[in-house]
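Student: What follows is work-v5.tsv; its format and atoms are TSV, C-alpha atoms.
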```tsv
chain	number	residue	atom	x	y	z
G	909	MET	CA	0.00	0.00	0.00
G	910	LEU	CA	2.90	2.32	0.79
G	911	LEU	CA	4.45	1.65	-2.67
G	912	LEU	CA	1.17	2.37	-4.34
G	913	PHE	CA	0.81	5.61	-2.40
G	914	VAL	CA	4.38	6.71	-3.13
G	915	ASP	CA	4.03	5.86	-6.84
G	916	ALA	CA	0.73	7.63	-7.19
G	917	ARG	CA	1.86	10.64	-5.12
G	918	TYR	CA	5.47	11.17	-6.10
G	919	GLN	CA	5.82	8.91	-9.25
G	920	TYR	CA	9.13	7.47	-8.02
G	921	LEU	CA	8.56	4.15	-9.77
G	922	GLU	CA	8.00	5.62	-13.30
G	923	SER	CA	11.51	4.77	-14.45
G	924	THR	CA	11.18	1.27	-13.03
G	925	ARG	CA	7.88	0.83	-14.87
G	926	ASN	CA	9.46	1.93	-18.17
G	927	VAL	CA	12.33	-0.54	-17.76
G	928	LEU	CA	9.94	-3.36	-16.98
G	929	ALA	CA	7.77	-2.41	-20.01
G	930	VAL	CA	10.79	-2.63	-22.30
G	931	VAL	CA	11.78	-5.98	-20.87
G	932	ILE	CA	8.27	-7.44	-21.01
G	933	TYR	CA	7.36	-6.06	-24.52
G	934	PRO	CA	9.02	-8.91	-26.52
G	935	PHE	CA	7.15	-11.45	-24.44
G	936	GLN	CA	3.89	-9.56	-25.06
G	937	ARG	CA	4.50	-9.50	-28.82
G	938	LEU	CA	5.43	-13.18	-28.79
G	939	THR	CA	2.27	-14.03	-26.90
G	940	ALA	CA	0.05	-11.98	-29.27
G	941	LEU	CA	1.80	-13.20	-32.45
G	942	PRO	CA	-0.25	-16.43	-33.00
G	943	GLY	CA	-3.52	-14.53	-32.82
G	944	GLU	CA	-2.26	-11.83	-35.20
G	945	VAL	CA	-1.00	-14.45	-37.67
G	946	VAL	CA	-4.30	-16.30	-37.61
G	947	GLY	CA	-6.19	-13.03	-38.07
G	948	ARG	CA	-4.02	-11.90	-40.97
G	949	ILE	CA	-4.35	-15.28	-42.71
G	950	SER	CA	-8.10	-15.15	-42.29
G	951	VAL	CA	-8.24	-11.61	-43.67
G	952	TYR	CA	-5.99	-12.64	-46.60
G	953	PHE	CA	-8.21	-15.53	-47.66
G	954	GLU	CA	-11.37	-13.50	-47.18
G	955	THR	CA	-9.90	-10.71	-49.28
G	956	GLN	CA	-8.69	-13.20	-51.91
G	957	ASN	CA	-12.13	-14.80	-52.20
G	958	GLN	CA	-13.77	-11.40	-52.39
G	959	LEU	CA	-11.36	-10.34	-55.13
G	960	LEU	CA	-12.02	-13.52	-57.08
G	961	GLU	CA	-15.77	-12.99	-56.84
G	962	ASP	CA	-15.42	-9.35	-57.84
G	963	ASN	CA	-13.22	-10.31	-60.81
G	964	ALA	CA	-15.73	-12.94	-61.94
G	965	LYS	CA	-18.56	-10.40	-61.71
G	966	LEU	CA	-16.54	-7.79	-63.56
G	967	ARG	CA	-15.59	-10.31	-66.27
G	968	GLN	CA	-19.22	-11.33	-66.70
G	969	GLN	CA	-20.29	-7.70	-66.81
G	970	HIS	CA	-17.56	-6.99	-69.37
G	971	ASP	CA	-18.75	-9.83	-71.60
G	972	THR	CA	-22.34	-8.61	-71.31
G	973	ASP	CA	-21.33	-5.04	-72.12
G	974	ALA	CA	-19.22	-6.23	-75.07
G	975	ALA	CA	-22.14	-8.23	-76.47
G	976	GLN	CA	-24.50	-5.29	-76.04
G	977	LEU	CA	-21.95	-2.97	-77.65
G	978	ALA	CA	-21.56	-5.31	-80.62
G	979	GLN	CA	-25.33	-5.54	-80.95
G	980	LEU	CA	-25.60	-1.77	-80.74
G	981	SER	CA	-22.94	-1.37	-83.44
G	982	ALA	CA	-24.81	-3.80	-85.68
G	983	ILE	CA	-28.08	-1.95	-85.10
G	984	GLN	CA	-26.42	1.38	-85.85
G	985	ALA	CA	-24.94	0.01	-89.08
G	986	GLU	CA	-28.31	-1.42	-90.09
G	987	ASN	CA	-30.04	1.87	-89.30
G	988	ALA	CA	-27.48	3.75	-91.38
G	989	GLN	CA	-28.10	1.40	-94.30
G	990	LEU	CA	-31.88	1.75	-93.92
G	991	ARG	CA	-31.58	5.53	-93.93
G	992	THR	CA	-29.48	5.35	-97.08
G	993	LEU	CA	-32.03	3.06	-98.74
G	994	HIS	CA	-34.84	5.41	-97.75
G	995	GLU	CA	-32.94	8.35	-99.24
G	996	LEU	CA	-32.32	6.31	-102.39
G	997	GLN	CA	-36.02	5.51	-102.63
G	998	GLN	CA	-36.87	9.20	-102.37
G	999	ARG	CA	-34.20	10.22	-104.86
G	1000	VAL	CA	-34.84	7.87	-107.80
G	1001	ASP	CA	-37.60	8.30	-110.39
G	1002	PHE	CA	-38.80	4.70	-110.50
G	1003	PRO	CA	-40.85	2.86	-107.83
G	1004	MET	CA	-39.05	0.67	-105.31
G	1005	GLN	CA	-40.07	-1.47	-102.36
G	1006	MET	CA	-38.01	-2.76	-99.45
G	1007	ALA	CA	-37.43	-6.45	-98.78
G	1008	GLU	CA	-35.42	-8.46	-96.26
G	1009	ILE	CA	-33.26	-11.51	-96.85
G	1010	VAL	CA	-34.72	-14.62	-95.21
G	1011	TYR	CA	-32.72	-17.45	-96.81
G	1012	VAL	CA	-29.40	-17.85	-98.58
G	1013	GLU	CA	-28.68	-20.61	-101.07
G	1014	ARG	CA	-26.45	-23.22	-99.41
G	1015	ASP	CA	-25.08	-24.57	-102.66
G	1016	ILE	CA	-21.61	-23.05	-103.03
G	1017	PHE	CA	-21.93	-23.13	-106.82
G	1018	LYS	CA	-25.08	-20.99	-106.82
G	1019	ARG	CA	-25.20	-17.34	-105.88
G	1020	LYS	CA	-28.84	-16.96	-104.91
G	1021	LEU	CA	-30.87	-15.73	-101.97
G	1022	PHE	CA	-34.52	-15.40	-101.02
G	1023	VAL	CA	-36.34	-12.26	-99.86
G	1024	ASN	CA	-39.63	-11.91	-98.00
G	1025	LYS	CA	-41.59	-10.32	-100.85
G	1026	GLY	CA	-43.40	-12.35	-103.50
G	1027	SER	CA	-46.33	-12.23	-105.85
G	1028	GLN	CA	-48.60	-10.86	-103.09
G	1029	ALA	CA	-46.36	-7.73	-103.16
G	1030	ASN	CA	-46.48	-7.54	-107.00
G	1031	VAL	CA	-42.92	-8.78	-107.39
G	1032	GLN	CA	-42.25	-10.14	-110.87
G	1033	PRO	CA	-39.40	-12.12	-112.43
G	1034	GLY	CA	-36.82	-9.89	-114.01
G	1035	GLN	CA	-37.05	-7.07	-111.51
G	1036	VAL	CA	-33.77	-5.63	-110.26
G	1037	VAL	CA	-32.60	-5.82	-106.64
G	1038	VAL	CA	-30.28	-3.12	-105.28
G	1039	ASP	CA	-28.82	-1.96	-102.00
G	1040	ASP	CA	-27.35	1.34	-100.89
G	1041	HIS	CA	-24.16	0.73	-102.92
G	1042	GLY	CA	-25.42	-0.68	-106.20
G	1043	VAL	CA	-26.93	-3.65	-108.01
G	1044	VAL	CA	-27.19	-6.84	-105.98
G	1045	GLY	CA	-28.97	-9.08	-108.47
G	1046	GLN	CA	-32.20	-9.84	-110.29
G	1047	VAL	CA	-35.41	-11.62	-109.36
G	1048	THR	CA	-35.45	-14.94	-111.21
G	1049	ARG	CA	-38.32	-16.80	-109.54
G	1050	VAL	CA	-41.38	-15.63	-107.62
G	1051	TYR	CA	-43.43	-17.48	-105.02
G	1052	PRO	CA	-46.51	-16.19	-103.16
G	1053	TRP	CA	-44.52	-14.87	-100.19
G	1054	LEU	CA	-40.91	-15.29	-101.30
G	1055	SER	CA	-38.78	-14.36	-104.27
G	1056	GLU	CA	-35.55	-15.89	-105.51
G	1057	VAL	CA	-32.80	-13.41	-106.34
G	1058	THR	CA	-29.81	-14.36	-108.48
G	1059	LEU	CA	-26.76	-12.34	-107.53
G	1060	VAL	CA	-24.69	-10.48	-110.09
G	1061	THR	CA	-21.74	-12.70	-109.11
G	1062	ASP	CA	-23.52	-15.88	-110.26
G	1063	LYS	CA	-21.60	-17.49	-113.12
G	1064	ASP	CA	-24.68	-17.50	-115.38
G	1065	HIS	CA	-25.59	-13.85	-114.78
G	1066	ALA	CA	-24.69	-10.89	-116.99
G	1067	VAL	CA	-25.32	-7.15	-116.66
G	1068	PRO	CA	-25.06	-4.61	-119.52
G	1069	ILE	CA	-22.80	-1.82	-118.27
G	1070	GLN	CA	-20.90	1.21	-119.37
G	1071	VAL	CA	-17.70	2.70	-118.03
G	1072	LEU	CA	-18.47	5.81	-116.04
G	1073	ARG	CA	-15.25	7.51	-117.15
G	1074	ASN	CA	-15.69	7.32	-120.91
G	1075	GLY	CA	-19.10	5.74	-121.58
G	1076	PHE	CA	-17.61	2.55	-123.04
G	1077	ARG	CA	-20.34	-0.12	-123.21
G	1078	ALA	CA	-19.84	-3.80	-122.43
G	1079	VAL	CA	-21.31	-6.70	-120.48
G	1080	VAL	CA	-19.98	-7.78	-117.08
G	1081	PHE	CA	-20.38	-11.43	-116.09
G	1082	GLY	CA	-20.42	-13.17	-112.75
G	1083	SER	CA	-17.59	-15.56	-112.01
G	1084	GLY	CA	-19.20	-17.74	-109.35
G	1085	ASP	CA	-16.93	-16.14	-106.76
G	1086	ILE	CA	-18.74	-13.84	-104.35
G	1087	SER	CA	-16.01	-11.21	-104.66
G	1088	GLU	CA	-15.24	-11.30	-108.40
G	1089	MET	CA	-16.81	-10.46	-111.74
G	1090	ALA	CA	-15.29	-10.36	-115.20
G	1091	LEU	CA	-15.41	-8.31	-118.38
G	1092	ARG	CA	-15.10	-10.91	-121.15
G	1093	TYR	CA	-14.09	-10.58	-124.77
G	1094	MET	CA	-12.57	-7.14	-124.35
G	1095	PRO	CA	-9.87	-6.29	-126.92
G	1096	VAL	CA	-6.39	-5.66	-125.62
G	1097	SER	CA	-6.61	-2.10	-126.95
G	1098	ALA	CA	-9.87	-1.30	-125.10
G	1099	ASP	CA	-9.80	2.01	-123.22
G	1100	LEU	CA	-10.06	0.50	-119.75
G	1101	VAL	CA	-7.91	1.13	-116.70
G	1102	GLU	CA	-7.82	-0.22	-113.18
G	1103	GLY	CA	-10.17	1.69	-110.92
G	1104	ASP	CA	-12.80	2.34	-113.61
G	1105	GLU	CA	-16.32	2.21	-112.18
G	1106	LEU	CA	-18.93	0.26	-114.10
G	1107	VAL	CA	-22.58	1.36	-114.02
G	1108	THR	CA	-25.68	-0.02	-115.70
G	1109	SER	CA	-26.17	1.29	-119.22
G	1110	GLY	CA	-29.97	1.03	-119.14
G	1111	ILE	CA	-30.17	0.15	-122.84
G	1112	ASP	CA	-31.84	-3.23	-122.31
G	1113	GLY	CA	-34.93	-1.93	-120.51
G	1114	ILE	CA	-34.37	-4.16	-117.47
G	1115	TYR	CA	-31.70	-2.42	-115.41
G	1116	PRO	CA	-32.18	1.27	-114.61
G	1117	PRO	CA	-29.36	3.43	-115.95
G	1118	ASN	CA	-26.41	4.65	-113.89
G	1119	LEU	CA	-26.64	2.15	-111.03
G	1120	PRO	CA	-23.18	1.14	-109.73
G	1121	VAL	CA	-22.30	-2.47	-110.51
G	1122	ALA	CA	-18.57	-3.11	-110.16
G	1123	LYS	CA	-15.09	-1.65	-110.24
G	1124	ILE	CA	-12.14	-2.87	-112.32
G	1125	ILE	CA	-9.43	-4.14	-109.98
G	1126	LYS	CA	-7.07	-5.94	-112.34
G	1127	ILE	CA	-6.27	-5.90	-116.08
G	1128	GLU	CA	-3.94	-8.41	-117.74
G	1129	ARG	CA	-2.97	-7.63	-121.32
G	1130	ASP	CA	-0.98	-10.19	-123.27
G	1131	PRO	CA	-0.21	-9.41	-126.95
G	1132	ALA	CA	-0.29	-13.14	-127.66
G	1133	TYR	CA	-4.04	-13.21	-126.95
G	1134	PRO	CA	-6.70	-11.12	-128.71
G	1135	PHE	CA	-8.64	-10.41	-125.50
G	1136	ALA	CA	-7.58	-8.89	-122.20
G	1137	ARG	CA	-8.33	-10.57	-118.89
G	1138	ILE	CA	-10.23	-8.05	-116.79
G	1139	THR	CA	-11.25	-8.76	-113.20
G	1140	CYS	CA	-13.84	-6.65	-111.38
G	1141	ALA	CA	-15.13	-6.42	-107.82
G	1142	PRO	CA	-18.86	-5.93	-107.16
G	1143	LEU	CA	-19.71	-2.66	-105.44
G	1144	ALA	CA	-22.95	-3.82	-103.83
G	1145	GLY	CA	-23.04	-5.85	-100.63
G	1146	VAL	CA	-23.80	-9.16	-102.29
G	1147	ASP	CA	-22.65	-10.96	-99.14
G	1148	ARG	CA	-23.60	-8.33	-96.59
G	1149	ASN	CA	-26.62	-6.45	-95.24
G	1150	ARG	CA	-30.11	-7.81	-94.74
G	1151	SER	CA	-32.35	-5.13	-96.23
G	1152	LEU	CA	-32.58	-4.68	-99.99
G	1153	MET	CA	-34.68	-2.69	-102.45
G	1154	ILE	CA	-36.63	-4.20	-105.35
G	1155	VAL	CA	-37.13	-1.97	-108.36
G	1156	SER	CA	-40.85	-2.46	-108.94
G	1157	GLY	CA	-41.12	-1.18	-112.47
G	1158	LEU	CA	-39.40	0.65	-115.29
G	1159	PRO	CA	-40.74	2.53	-118.31
G	1160	LYS	CA	-41.37	0.09	-121.15
G	1161	LEU	CA	-39.20	0.49	-124.21
G	1162	VAL	CA	-40.57	0.65	-127.72
G	1163	GLU	CA	-40.87	-2.85	-129.14
G	1164	ARG	CA	-38.09	-3.89	-131.43
G	1165	PRO	CA	-39.26	-4.02	-135.08
G	1166	GLU	CA	-39.30	-7.38	-136.79
G	1167	THR	CA	-36.86	-8.03	-139.61
G	1168	VAL	CA	-38.65	-8.02	-142.97
G	1169	GLU	CA	-37.03	-9.70	-145.96
G	1170	THR	CA	-37.04	-7.57	-149.10
G	1171	GLY	CA	-35.99	-7.97	-152.71
G	1172	ALA	CA	-35.20	-11.31	-154.24
G	1173	GLU	CA	-34.24	-13.02	-150.98
G	1174	PRO	CA	-37.67	-14.73	-150.44
G	1175	GLU	CA	-37.59	-16.12	-153.99
G	1176	ARG	CA	-34.10	-17.48	-153.49
G	1177	ALA	CA	-35.19	-19.12	-150.28
G	1178	LYS	CA	-38.13	-20.77	-152.08
G	1179	LYS	CA	-35.84	-22.11	-154.83
G	1180	ARG	CA	-33.47	-23.57	-152.23
G	1181	LEU	CA	-36.39	-25.35	-150.57
G	1182	LYS	CA	-37.53	-26.77	-153.92
G	1183	ARG	CA	-34.06	-28.15	-154.65
G	1184	ARG	CA	-33.96	-29.89	-151.27
G	1185	ARG	CA	-37.27	-31.64	-151.82
G	1186	PRO	CA	-36.98	-35.17	-153.29
```
Can you give me the file's structure in the form of structure tokens?

Tutor:
Amino acid sequence: MLLLFVDARYQYLESTRNVLAVVIYPFQRLTALPGEVVGRISVYFETQNQLLEDNAKLRQQHDTDAAQLAQLSAIQAENAQLRTLHELQQRVDFPMQMAEIVYVERDIFKRKLFVNKGSQANVQPGQVVVDDHGVVGQVTRVYPWLSEVTLVTDKDHAVPIQVLRNGFRAVVFGSGDISEMALRYMPVSADLVEGDELVTSGIDGIYPPNLPVAKIIKIERDPAYPFARITCAPLAGVDRNRSLMIVSGLPKLVERPETVETGAEPERAKKRLKRRRP
């Protein structure tokens, strides 16, 4: 009791207390160390699990956002194409109607697709199908609610064209390859250069004039051959987009007059027939 009184009153034992605290401190830390280690390990694993869960949630959210962003980009591209098609419909002088692609021909040797407009929408064989960049193809078969469209890249398809630069007329053929067309039977001396844009000539009464068709990407001229080998690339999205425009009708051309034989040709024909008879 006396020591307690003296320490509380005069603080004579303060130095002794400090010395004892320094001596005892390592033993205190050593005694508390197992609990601190266990606590830190527990906090580490809890934090690690929380981080893993947060990373998994963030990764899932990132994938969801990426998918939504891709979908948004596709919708924006489709909207831009639809706006361009609408402007094209307002700008041209011939009637057009919009259609969507519903099927694509699975045969790799056929370049055909099917759209969701048929005879109920007054679609007829021979009508031209375009997109916002140019000619896609031509309607070749019509069903009540579907129409078959043969692409300009089909190997049996041909489009009368003229060169936009100089008005040179020719016929461009499909090659069967979705990305290639060809100008056949062109003389080596033909005024054609790489980069020339080919548009419809409109002289056949089927294709409207001045619609983009293709662009010349390669010309091979060999003096040993009478014709040049000219490769073109289609300008329209023959393998892209989903919305297309069908040209509903064009002004009818004057009927071509029939050839009438004159002079002595009919008589000569009759004599040849008489000689052939037994």

Student: Take the point (-21.0, -4.5, -125.3) in the file's coordinates, draw a sphere of radius 12 Å around it, and report as a list of chain:residue names every protein, DNA or RNA residue with an atom inside or on it, counting all atoms listed in the file.

Tutor: G:Ala1066, G:Val1067, G:Pro1068, G:Ile1069, G:Gln1070, G:Val1071, G:Gly1075, G:Phe1076, G:Arg1077, G:Ala1078, G:Val1079, G:Val1080, G:Phe1081, G:Leu1091, G:Arg1092, G:Tyr1093, G:Met1094, G:Pro1095, G:Ala1098, G:Thr1108, G:Ser1109, G:Ile1111, G:Asp1112

Student: May I have the protein, DNA and RNA residues with any atom at most 7 Å from the point (-17.2, -2.3, -105.0), counting only C-alpha atoms, written as a list of chain:residue names?

Tutor: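 Applying the cut-off with only C-alpha atoms, one gets G:Ala1122, G:Lys1123, G:Ala1141, G:Pro1142, G:Leu1143, G:Ala1144.
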
Student: From the options G:Ser1151, G:Ser1156, G:Asn963, G:Ser1097, which residue's atoms come nearest to G:Arg1129, counting all atoms listed in the file?

Tutor: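 Closest candidate: G:Ser1097.
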
Student: Need to verify the contact set: G:Glu1008, 9 Å, only C-alpha atoms, exclusion of same-chain residues closer than 2 positions in sequence. Can you return it as a count of residues only?

Tutor: 10

Student: Which is closer to G:Gly1113 than all the others in G:Gln1035, G:Gln956, G:Thr924, G:Gln1028, using all atoms listed in the file?

Tutor: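 Looking only at the distances to G:Gly1113, the closest residue turns out to be G:Gln1035.
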
Student: Atom CA of G:Asp1015 and atom CA of G:Val1057 are how many Å apart?

Tutor: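 Between these atoms lies a distance of 14.1 Å.
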
Student: What does the distance between atom CA of G:Asp1062 and atom CA of G:Arg1019 come to in Å, to one decimal place?

Tutor: 4.9 Å

Student: Atom CA of G:Arg948 and atom CA of G:Asp962, how far apart in Å?

Tutor: 20.5 Å

Student: Taking only C-alpha atoms into account, which of G:Ser923, G:Thr1048, G:Thr972, G:Gln979 comes nearest G:Val1036?

Tutor: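 Closest to G:Val1036, using only C-alpha atoms: G:Thr1048.
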
Student: Counting all atoms listed in the file, which of G:Gly1103, G:Val946, G:Gly1110, G:Gly1145 gets nearest to G:Ile1125?

Tutor: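 Among G:Gly1103, G:Val946, G:Gly1110, G:Gly1145, it is G:Gly1103 that comes nearest to G:Ile1125.
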